[in-house]
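As stored in model_30.cif (mmCIF, C-alpha atoms and all ligand atoms):
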data_start
loop_
_atom_site.label_atom_id
_atom_site.label_comp_id
_atom_site.auth_asym_id
_atom_site.auth_seq_id
_atom_site.Cartn_x
_atom_site.Cartn_y
_atom_site.Cartn_z
CA MET A 6 -102.86 99.83 -11.74
CA ALA A 7 -103.57 100.70 -8.14
CA ASP A 8 -101.86 97.58 -6.76
CA GLU A 9 -98.52 98.51 -8.26
CA PRO A 10 -96.08 99.75 -5.61
CA LEU A 11 -96.07 103.48 -4.87
CA VAL A 12 -92.50 104.46 -4.02
CA LEU A 13 -90.73 107.72 -3.25
CA GLY A 14 -87.05 107.90 -4.21
CA ILE A 15 -84.40 110.25 -2.85
CA GLU A 16 -81.17 111.06 -4.71
CA THR A 17 -78.35 113.15 -3.18
CA SER A 18 -75.13 111.54 -4.45
CA CYS A 19 -73.75 114.66 -6.13
CA ASP A 20 -75.16 118.17 -6.63
CA GLU A 21 -78.80 117.38 -7.44
CA THR A 22 -81.38 116.95 -4.68
CA GLY A 23 -83.80 114.68 -6.50
CA VAL A 24 -87.12 113.38 -5.20
CA GLY A 25 -89.22 111.21 -7.48
CA ILE A 26 -92.46 109.32 -7.00
CA VAL A 27 -93.47 106.37 -9.16
CA ARG A 28 -96.24 103.82 -9.20
CA GLY A 29 -94.77 100.67 -10.74
CA HIS A 30 -93.44 101.86 -14.10
CA THR A 31 -95.40 105.11 -14.09
CA LEU A 32 -93.71 108.39 -13.25
CA LEU A 33 -95.87 110.57 -11.00
CA ALA A 34 -93.40 113.24 -9.90
CA ASP A 35 -89.81 114.24 -10.59
CA ALA A 36 -88.70 117.16 -8.42
CA VAL A 37 -85.07 118.27 -8.66
CA ALA A 38 -83.27 121.11 -6.86
CA SER A 39 -79.74 121.65 -8.15
CA SER A 40 -76.84 123.42 -6.46
CA VAL A 41 -74.87 123.49 -9.73
CA ASP A 42 -74.80 127.31 -9.86
CA GLU A 43 -73.11 127.42 -6.47
CA HIS A 44 -70.28 125.18 -7.78
CA ALA A 45 -69.79 126.84 -11.17
CA ARG A 46 -67.32 129.45 -9.97
CA PHE A 47 -65.12 126.68 -8.50
CA GLY A 48 -65.15 124.71 -11.77
CA GLY A 49 -66.38 121.53 -10.07
CA VAL A 50 -68.66 120.24 -7.34
CA VAL A 51 -67.55 121.30 -3.85
CA PRO A 52 -68.65 118.48 -1.52
CA GLU A 53 -69.36 120.64 1.55
CA VAL A 54 -71.39 123.12 -0.47
CA ALA A 55 -73.36 120.24 -2.01
CA SER A 56 -74.14 118.68 1.41
CA ARG A 57 -75.39 121.96 2.82
CA ALA A 58 -77.55 122.58 -0.25
CA HIS A 59 -79.07 119.09 0.04
CA LEU A 60 -79.92 119.76 3.66
CA GLU A 61 -81.73 122.98 2.76
CA ALA A 62 -83.52 121.56 -0.27
CA MET A 63 -84.55 118.17 1.12
CA VAL A 64 -87.85 118.83 2.88
CA PRO A 65 -89.20 121.37 0.34
CA THR A 66 -88.30 119.02 -2.54
CA ILE A 67 -90.07 116.08 -0.88
CA GLN A 68 -93.14 118.27 -0.34
CA ARG A 69 -93.04 119.47 -3.93
CA ALA A 70 -92.86 115.87 -5.22
CA LEU A 71 -95.80 114.71 -3.08
CA LYS A 72 -97.87 117.65 -4.29
CA GLU A 73 -96.93 117.07 -7.93
CA ALA A 74 -97.83 113.37 -7.66
CA GLY A 75 -101.08 114.15 -5.82
CA VAL A 76 -100.45 111.43 -3.24
CA ALA A 77 -100.22 111.44 0.54
CA ALA A 78 -97.03 110.26 2.24
CA SER A 79 -99.13 107.71 4.13
CA ASP A 80 -100.06 106.02 0.82
CA LEU A 81 -96.44 105.16 0.00
CA ASP A 82 -95.37 101.51 -0.07
CA GLY A 83 -91.73 102.33 0.52
CA ILE A 84 -88.97 104.93 0.54
CA ALA A 85 -85.93 104.30 -1.65
CA VAL A 86 -82.67 106.21 -1.38
CA THR A 87 -79.29 106.29 -3.11
CA ALA A 88 -76.91 104.58 -0.66
CA GLY A 89 -73.91 105.05 -2.99
CA PRO A 90 -71.67 105.58 -4.83
CA GLY A 91 -71.22 109.34 -4.54
CA LEU A 92 -69.99 112.08 -2.24
CA ALA A 93 -70.05 110.77 1.34
CA GLY A 94 -71.51 113.87 3.02
CA ALA A 95 -74.07 114.39 0.26
CA LEU A 96 -75.22 110.75 0.40
CA LEU A 97 -75.55 110.98 4.17
CA VAL A 98 -78.14 113.77 3.90
CA GLY A 99 -80.34 111.64 1.63
CA VAL A 100 -79.93 108.46 3.65
CA SER A 101 -80.73 110.27 6.92
CA ALA A 102 -83.81 111.91 5.41
CA ALA A 103 -85.02 108.61 3.98
CA LYS A 104 -84.61 106.91 7.35
CA ALA A 105 -86.47 109.69 9.14
CA TYR A 106 -89.41 109.65 6.71
CA ALA A 107 -89.56 105.84 6.53
CA TYR A 108 -89.46 105.47 10.30
CA ALA A 109 -91.96 108.23 11.01
CA LEU A 110 -94.37 106.87 8.39
CA GLY A 111 -93.84 103.20 9.27
CA LYS A 112 -92.69 102.36 5.72
CA PRO A 113 -89.89 100.05 4.57
CA LEU A 114 -86.58 101.62 3.55
CA TYR A 115 -84.66 100.57 0.41
CA GLY A 116 -81.03 101.61 0.06
CA VAL A 117 -80.17 101.30 -3.63
CA ASN A 118 -77.24 101.76 -6.01
CA HIS A 119 -77.06 105.01 -7.98
CA LEU A 120 -75.70 103.23 -11.08
CA ALA A 121 -78.40 100.54 -11.22
CA SER A 122 -80.94 103.36 -10.79
CA HIS A 123 -79.59 105.08 -13.93
CA ILE A 124 -80.49 101.87 -15.83
CA CYS A 125 -83.81 101.12 -14.14
CA VAL A 126 -85.20 104.61 -14.86
CA ASP A 127 -85.79 103.57 -18.47
CA GLN A 128 -88.72 101.46 -17.28
CA LEU A 129 -90.55 104.75 -16.71
CA GLU A 130 -89.99 105.66 -20.36
CA HIS A 131 -90.09 102.40 -22.31
CA GLY A 132 -91.71 99.86 -19.99
CA PRO A 133 -90.18 96.71 -18.47
CA LEU A 134 -86.49 96.16 -19.25
CA PRO A 135 -85.73 92.89 -21.04
CA GLU A 136 -83.63 90.38 -19.12
CA PRO A 137 -80.75 90.35 -19.44
CA THR A 138 -80.40 94.07 -20.05
CA MET A 139 -77.29 95.40 -21.79
CA ALA A 140 -76.50 98.87 -20.48
CA LEU A 141 -73.95 101.50 -21.35
CA LEU A 142 -73.65 103.67 -18.27
CA VAL A 143 -71.93 106.98 -18.87
CA SER A 144 -71.87 109.67 -16.19
CA GLY A 145 -69.53 112.13 -14.52
CA GLY A 146 -68.03 109.46 -12.30
CA HIS A 147 -68.53 106.21 -14.24
CA SER A 148 -68.33 104.69 -17.70
CA SER A 149 -69.19 101.02 -17.89
CA LEU A 150 -70.74 98.33 -20.00
CA LEU A 151 -73.03 96.30 -17.79
CA LEU A 152 -74.91 93.09 -18.38
CA ALA A 153 -77.83 92.80 -15.97
CA PRO A 154 -79.72 89.49 -15.82
CA ASP A 155 -81.75 91.01 -12.95
CA ILE A 156 -81.72 94.78 -12.43
CA THR A 157 -82.73 94.36 -8.76
CA GLY A 158 -79.93 91.99 -7.87
CA ASP A 159 -77.57 90.80 -10.59
CA VAL A 160 -75.55 93.44 -12.46
CA ARG A 161 -72.28 92.31 -14.05
CA PRO A 162 -69.60 94.69 -15.34
CA LEU A 163 -68.19 93.66 -18.75
CA GLY A 164 -65.80 96.59 -18.87
CA SER A 165 -65.28 100.12 -17.59
CA THR A 166 -63.00 103.11 -17.93
CA ILE A 167 -59.40 102.58 -16.87
CA ASP A 168 -58.92 106.32 -16.23
CA ASP A 169 -61.39 109.22 -16.71
CA ALA A 170 -65.15 108.75 -16.96
CA ALA A 171 -66.78 109.99 -20.17
CA GLY A 172 -68.52 112.89 -18.40
CA GLU A 173 -65.29 113.82 -16.66
CA ALA A 174 -63.59 114.10 -20.08
CA PHE A 175 -66.39 116.42 -21.28
CA ASP A 176 -65.99 118.54 -18.15
CA LYS A 177 -62.19 118.77 -18.45
CA VAL A 178 -62.16 119.59 -22.17
CA ALA A 179 -64.85 122.23 -21.60
CA ARG A 180 -62.66 123.81 -18.95
CA VAL A 181 -59.69 124.02 -21.34
CA LEU A 182 -62.01 125.59 -23.94
CA GLY A 183 -63.30 128.04 -21.35
CA LEU A 184 -66.88 126.78 -21.69
CA GLY A 185 -67.60 126.60 -17.96
CA PHE A 186 -69.06 123.92 -15.73
CA PRO A 187 -70.70 121.45 -16.21
CA GLY A 188 -68.96 120.87 -19.50
CA GLY A 189 -71.13 118.21 -21.13
CA PRO A 190 -74.12 120.38 -22.05
CA ALA A 191 -71.80 123.25 -23.12
CA ILE A 192 -69.79 121.03 -25.49
CA ASP A 193 -73.00 119.46 -26.79
CA ARG A 194 -74.24 122.97 -27.70
CA ALA A 195 -70.96 124.24 -29.15
CA ALA A 196 -70.53 121.08 -31.23
CA ARG A 197 -73.74 121.72 -33.15
CA GLU A 198 -71.99 124.48 -35.11
CA GLY A 199 -68.81 122.45 -35.62
CA ASP A 200 -67.41 119.79 -37.96
CA PRO A 201 -66.92 116.41 -36.23
CA ALA A 202 -64.33 115.46 -38.88
CA ALA A 203 -62.32 118.70 -38.58
CA ILE A 204 -59.68 117.17 -36.27
CA ARG A 205 -58.98 113.45 -35.97
CA PHE A 206 -58.58 112.89 -32.22
CA PRO A 207 -57.47 109.45 -30.89
CA ARG A 208 -59.97 106.66 -30.12
CA GLY A 209 -58.78 105.13 -26.84
CA LEU A 210 -58.41 101.35 -26.43
CA THR A 211 -59.60 100.47 -29.92
CA GLY A 212 -56.45 98.63 -31.05
CA SER A 213 -56.65 94.94 -31.89
CA ARG A 214 -54.82 93.97 -28.69
CA ASP A 215 -56.72 96.34 -26.39
CA PRO A 216 -59.40 95.13 -23.97
CA ILE A 217 -62.64 95.00 -25.97
CA TYR A 218 -65.06 96.46 -23.42
CA ASP A 219 -62.84 98.84 -21.43
CA PHE A 220 -62.65 102.57 -22.09
CA SER A 221 -59.93 105.19 -21.76
CA PHE A 222 -60.53 108.93 -22.17
CA SER A 223 -57.46 110.38 -20.51
CA GLY A 224 -55.29 110.17 -23.67
CA LEU A 225 -58.02 111.86 -25.68
CA LYS A 226 -58.35 114.65 -23.13
CA THR A 227 -54.57 115.24 -23.25
CA ALA A 228 -54.54 115.17 -27.06
CA VAL A 229 -57.28 117.81 -27.17
CA ALA A 230 -55.49 119.99 -24.59
CA ARG A 231 -52.19 119.75 -26.55
CA TRP A 232 -53.91 120.62 -29.81
CA ILE A 233 -55.50 123.69 -28.23
CA GLU A 234 -52.18 124.73 -26.65
CA SER A 235 -50.33 124.49 -29.95
CA LYS A 236 -52.93 126.71 -31.64
CA ARG A 237 -52.69 129.26 -28.84
CA ARG A 238 -48.89 129.22 -29.07
CA GLU A 239 -49.12 129.90 -32.79
CA GLY A 240 -51.44 132.79 -32.00
CA VAL A 241 -54.23 131.14 -33.97
CA GLU A 242 -57.78 131.45 -32.67
CA VAL A 243 -59.06 128.13 -31.35
CA PRO A 244 -62.06 126.90 -33.36
CA VAL A 245 -64.22 126.04 -30.34
CA ALA A 246 -67.08 124.51 -32.33
CA ASP A 247 -64.81 122.24 -34.41
CA VAL A 248 -62.78 121.13 -31.36
CA SER A 249 -66.00 120.41 -29.44
CA ALA A 250 -67.54 118.45 -32.32
CA SER A 251 -64.34 116.49 -33.04
CA PHE A 252 -63.74 115.65 -29.37
CA GLN A 253 -67.38 114.65 -28.88
CA GLU A 254 -67.21 112.46 -31.99
CA ALA A 255 -64.17 110.61 -30.63
CA VAL A 256 -66.00 109.87 -27.35
CA VAL A 257 -69.31 108.76 -28.82
CA ASP A 258 -67.66 106.78 -31.63
CA VAL A 259 -65.85 104.59 -29.08
CA LEU A 260 -68.83 104.34 -26.70
CA THR A 261 -71.26 103.19 -29.39
CA ARG A 262 -68.79 100.87 -31.13
CA LYS A 263 -67.97 99.01 -27.92
CA ALA A 264 -71.58 98.89 -26.73
CA ILE A 265 -72.79 97.35 -29.97
CA ARG A 266 -69.93 94.87 -29.92
CA ALA A 267 -71.00 93.87 -26.38
CA CYS A 268 -74.59 93.32 -27.53
CA LYS A 269 -73.49 91.18 -30.47
CA ASP A 270 -70.98 89.12 -28.45
CA ASN A 271 -73.56 88.41 -25.76
CA GLY A 272 -76.52 87.79 -28.05
CA VAL A 273 -78.49 90.74 -26.65
CA ASP A 274 -80.83 92.46 -29.12
CA HIS A 275 -81.27 95.78 -27.33
CA LEU A 276 -79.08 98.46 -25.74
CA MET A 277 -79.94 100.75 -22.86
CA ILE A 278 -77.88 103.94 -22.43
CA GLY A 279 -78.05 105.78 -19.12
CA GLY A 280 -76.26 108.39 -16.99
CA GLY A 281 -75.71 112.12 -17.56
CA VAL A 282 -73.72 111.71 -20.80
CA ALA A 283 -76.69 109.83 -22.31
CA ALA A 284 -78.30 113.28 -22.54
CA ASN A 285 -75.75 114.07 -25.29
CA THR A 286 -77.41 114.80 -28.62
CA ARG A 287 -74.70 113.25 -30.79
CA LEU A 288 -74.41 110.12 -28.63
CA ARG A 289 -78.16 109.62 -28.97
CA SER A 290 -78.18 110.06 -32.75
CA LEU A 291 -75.07 107.99 -33.50
CA ALA A 292 -76.27 105.20 -31.19
CA GLN A 293 -79.62 105.22 -32.97
CA GLU A 294 -77.95 105.00 -36.38
CA ARG A 295 -75.54 102.23 -35.45
CA CYS A 296 -78.14 100.22 -33.50
CA GLU A 297 -80.49 100.32 -36.49
CA ASP A 298 -77.71 99.07 -38.75
CA ALA A 299 -76.97 96.24 -36.32
CA GLY A 300 -80.60 95.28 -35.75
CA ILE A 301 -80.42 96.32 -32.09
CA LEU A 302 -83.26 98.12 -30.32
CA LEU A 303 -82.01 101.29 -28.60
CA ARG A 304 -83.52 102.45 -25.30
CA VAL A 305 -82.47 105.86 -23.99
CA PRO A 306 -84.60 107.81 -21.52
CA ARG A 307 -85.43 111.47 -22.19
CA PRO A 308 -82.51 113.76 -21.21
CA LYS A 309 -84.07 114.88 -17.91
CA LEU A 310 -84.20 111.25 -16.74
CA CYS A 311 -80.57 110.65 -17.85
CA THR A 312 -79.01 113.24 -15.54
CA ASP A 313 -79.30 112.67 -11.80
CA ASN A 314 -82.85 112.65 -10.46
CA GLY A 315 -85.00 111.03 -7.78
CA ALA A 316 -87.36 109.24 -10.18
CA MET A 317 -84.61 106.78 -11.11
CA VAL A 318 -84.17 105.84 -7.46
CA ALA A 319 -87.92 105.44 -7.04
CA ALA A 320 -88.00 103.30 -10.21
CA LEU A 321 -85.46 100.84 -8.79
CA GLY A 322 -87.17 100.92 -5.39
CA ALA A 323 -90.54 100.11 -6.97
CA GLU A 324 -89.00 97.22 -8.88
CA MET A 325 -87.54 95.87 -5.64
CA VAL A 326 -90.90 96.12 -3.88
CA ALA A 327 -92.67 94.46 -6.83
CA ARG A 328 -90.21 91.57 -6.74
CA GLY A 329 -90.44 91.14 -2.97
CA ARG A 330 -86.79 92.06 -2.47
CA PRO A 331 -85.80 92.59 1.19
CA SER A 332 -85.81 96.13 2.54
CA SER A 333 -82.82 97.66 4.34
CA THR A 334 -82.29 97.81 8.07
CA TRP A 335 -82.19 101.12 9.97
CA ASP A 336 -78.41 101.04 10.14
CA LEU A 337 -78.21 101.34 6.34
CA PRO A 338 -74.86 103.02 5.65
CA ALA A 339 -74.04 105.61 2.99
CA ASP A 340 -71.21 104.01 0.99
CA SER A 341 -69.33 106.50 -1.17
CA SER A 342 -67.49 103.74 -3.06
CA LEU A 343 -70.36 101.26 -3.41
CA GLN A 344 -69.57 98.74 -6.17
CA VAL A 345 -71.81 98.51 -9.21
CA THR A 346 -72.50 94.85 -8.39
CA ASP A 347 -74.13 95.85 -5.08
CA VAL A 348 -77.53 96.78 -6.50
CA SER A 349 -79.04 97.30 -3.07
CA VAL A 350 -77.62 97.68 0.41
CA PRO A 351 -79.27 95.53 3.09
CA GLY A 352 -77.71 97.34 6.09
CA HIS A 353 -75.28 96.00 8.70
CA THR A 354 -77.69 94.07 10.88
CA HIS A 355 -79.68 92.51 8.09
CA ASP A 356 -81.21 89.19 9.05
CA HIS A 357 -81.84 87.23 5.89
CA GLY A 358 -84.78 85.41 7.45
CA HIS A 359 -86.72 88.67 7.76
CA GLY A 360 -87.61 91.67 5.74
CA HIS A 361 -89.11 90.02 2.68
CA GLY A 362 -92.18 91.69 1.30
CA HIS A 363 -93.00 95.34 1.40
CA ASP A 364 -95.21 95.38 4.46
CA HIS A 365 -92.32 94.60 6.77
CA VAL A 366 -90.69 97.38 8.73
CA HIS A 367 -87.55 96.57 10.64
CA GLU A 368 -87.34 96.94 14.39
CA LEU A 369 -85.68 100.16 15.40
CA SER A 370 -83.33 100.40 18.31
CA LYS A 371 -80.96 103.14 19.36
CA ASP A 372 -78.07 100.81 18.52
CA ASN A 373 -78.82 100.48 14.86
CA LEU A 374 -80.15 103.91 13.93
CA TYR A 375 -76.68 105.47 13.81
CA SER A 376 -74.02 103.48 12.03
O1 LIG A 401 -75.28 111.09 -14.15
P1 LIG A 401 -74.86 112.48 -13.88
O2 LIG A 401 -75.93 113.56 -13.87
O3 LIG A 401 -74.11 112.59 -12.52
C1 LIG A 401 -73.20 111.57 -12.13
O4 LIG A 401 -73.68 110.54 -11.60
O5 LIG A 401 -72.00 111.77 -12.42
O6 LIG A 401 -73.75 112.86 -14.96
C2 LIG A 401 -73.12 114.10 -14.96
C3 LIG A 401 -72.17 114.16 -16.14
C4 LIG A 401 -71.32 115.43 -16.18
O7 LIG A 401 -69.98 115.07 -16.42
C5 LIG A 401 -71.91 116.22 -17.33
O8 LIG A 401 -70.96 117.05 -17.98
C6 LIG A 401 -72.40 115.10 -18.23
O9 LIG A 401 -72.93 114.14 -17.36
N1 LIG A 401 -73.43 115.56 -19.17
C7 LIG A 401 -73.28 115.56 -20.51
C8 LIG A 401 -74.46 116.14 -21.05
N2 LIG A 401 -75.30 116.45 -20.02
C9 LIG A 401 -74.65 116.08 -18.87
N3 LIG A 401 -72.26 115.15 -21.28
C10 LIG A 401 -72.38 115.31 -22.60
N4 LIG A 401 -73.46 115.86 -23.21
C11 LIG A 401 -74.52 116.29 -22.47
N5 LIG A 401 -75.58 116.84 -23.07
ZN ZN A 402 -75.50 109.83 -11.96
#
For this file, produce the structure as structure tokens.
Ligand code: KG4
Ligand code: ZN
Amino acid sequence: MADEPLVLGIETSCDETGVGIVRGHTLLADAVASSVDEHARFGGVVPEVASRAHLEAMVPTIQRALKEAGVAASDLDGIAVTAGPGLAGALLVGVSAAKAYAYALGKPLYGVNHLASHICVDQLEHGPLPEPTMALLVSGGHSSLLLAPDITGDVRPLGSTIDDAAGEAFDKVARVLGLGFPGGPAIDRAAREGDPAAIRFPRGLTGSRDPIYDFSFSGLKTAVARWIESKRREGVEVPVADVSASFQEAVVDVLTRKAIRACKDNGVDHLMIGGGVAANTRLRSLAQERCEDAGILLRVPRPKLCTDNGAMVAALGAEMVARGRPSSTWDLPADSSLQVTDVSVPGHTHDHGHGHGHDHVHELSKDNLYS
């Protein structure tokens, strides 16, 4: 439909420069430039390297997305950008670019939350999200169960990891196994040849007195590292495929068990899984199996929309425009530790009497452009 909002979204919270364009719930373009190869030799993302790569990739990636979508920048109804959480310097590149484009084009600016974007992206795959939405968000930096009565403004954490994020555990175990960085896809691949029941690794926080919706992966990571060490000490070759499959099974067993429990307890008949770890083959298949058994409808976007991208930011931006949510002011800050409950960021000088509707562009002054 032509009257659905046309929004461009910019994502730079980590090592992917993502620019997506959507019209309502329709994906028109999803351009991603990754600096992952530049970080691989360091075994993790180097913030300064990521920021510089974003700066170089930003304009070409925006141009590529516009071309792919076949739209002119002047046709856009708004520019959305990840305002946090993420790496401060990396976020700043995206926020600055979004401000520059929005101001030059006379379009409203929407600073949005990276985590809510990981949920909202599923609208591009499976249509409107039911309300409330139950979401399992599993990425390199976060692992949470979220209940969202309104994805543009009301996201409530039911539980989250008390130590490592799920993706972080994949990355750390992959490093011990010598599988390189990022670890998630490497373990996913290695596990295909392995036996998930070969080694019984611990399931964190699943005791009867443990918090029901919280996660813990640090004990698991240590157990896997100790197991590998003991084999190496004995001079036995480490069975990489079996360790990968058994570790992966421990993670996805706990994730799916707790997510389904959350759906049942809250009377929600569907489950959305988002974030980079949602690209995991075994998580997808076990979730499907267990959701079917429980009569729960599973919604997981295709793998490319699970890992960081700009389309997810555009998806949340378009939903905000469609619902007449206020846009952000020009002093919109990049907030590296933005809370999951802050779905959008209004900016410092936001005046609640203004800014409703997507044809409003905030006044710009020298005082509020730099914050
Ligand atoms: O959402 P994301 O792209 O970036 C963050 O916001 O963190 O998630 C990245 C994380 C990394 O830890 C990566 O190892 C993990 O997602 N990941 C996977 C897979 N693909 C990416 N983990 C397990 N299996 C995968 N196939
Ligand atoms: Zn992410």
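Here the question is which of A:Ile67, A:Leu182, A:Ala121, A:Leu163 gets nearest to ligand ZN 402 (chain A) using all atoms listed in the file, and that residue is A:Ala121.
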> Which residues, written as a VMD selection string, have at least one atom at most 12 Å from A:Arg28, with all atoms listed in the file counted and residues fewer than 3 positions away on the same chain left out?
Replying inline: chain A and resid 6 to 14 25 31 to 34 74 to 76 80 to 83 128 to 129 316 319 to 324 326 to 327
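Every protein or nucleic acid residue with an atom no more than 6 Å from A:Met139, counting all atoms listed in the file and leaving out same-chain residues fewer than 6 positions away, appears here: Leu151, Leu152 and Leu276 of chain A.
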Keeping only C-alpha atoms, write those residues as a PDB file, in the frame of the given file.
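part-v4.pdb written:
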ATOM      1  CA  LEU A 151     -73.030  96.300 -17.790  1.00  0.00           C
ATOM      2  CA  LEU A 152     -74.910  93.090 -18.380  1.00  0.00           C
ATOM      3  CA  LEU A 276     -79.080  98.460 -25.740  1.00  0.00           C
TER       4      LEU A 276
END
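Minimum atom-to-atom distance to ligand ZN 402 (chain A), evaluated using all atoms listed in the file, belongs to A:Cys311 out of A:Ala179, A:Cys311, A:Leu150, A:Ala95.
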Adding 8 Å on each side of the box along x, y and z that holds all listed atoms of stretch 134-150 of chain A, could you give its centre and edge lengths in Å to one decimal, as AutoDock Vina command-line options?
--center_x -77.3 --center_y 101.2 --center_z -17.0 --size_x 34.5 --size_y 37.8 --size_z 25.5
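Among all protein and nucleic acid residues, the ones that lie within 6 Å of ligand LIG 401 (chain A) when counting all atoms listed in the file are Ser144, Gly145, Gly146, Gly172, Glu173, Phe175, Asp176, Pro187, Gly188, Gly189, Pro190, Asp193, Gly280, Gly281, Val282, Ala284, Asn285, Thr312 and Asp313 of chain A.
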>> One number please: atom CA of A:Ala93 to atom CA of A:Pro52, in Å, one decimal.
In response: 8.3 Å
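Take the candidates A:Ile84, A:Val54, A:Ile124, A:Ile233 and check each one against A:Ser333 using only C-alpha atoms; the shortest distance goes to A:Ile84.
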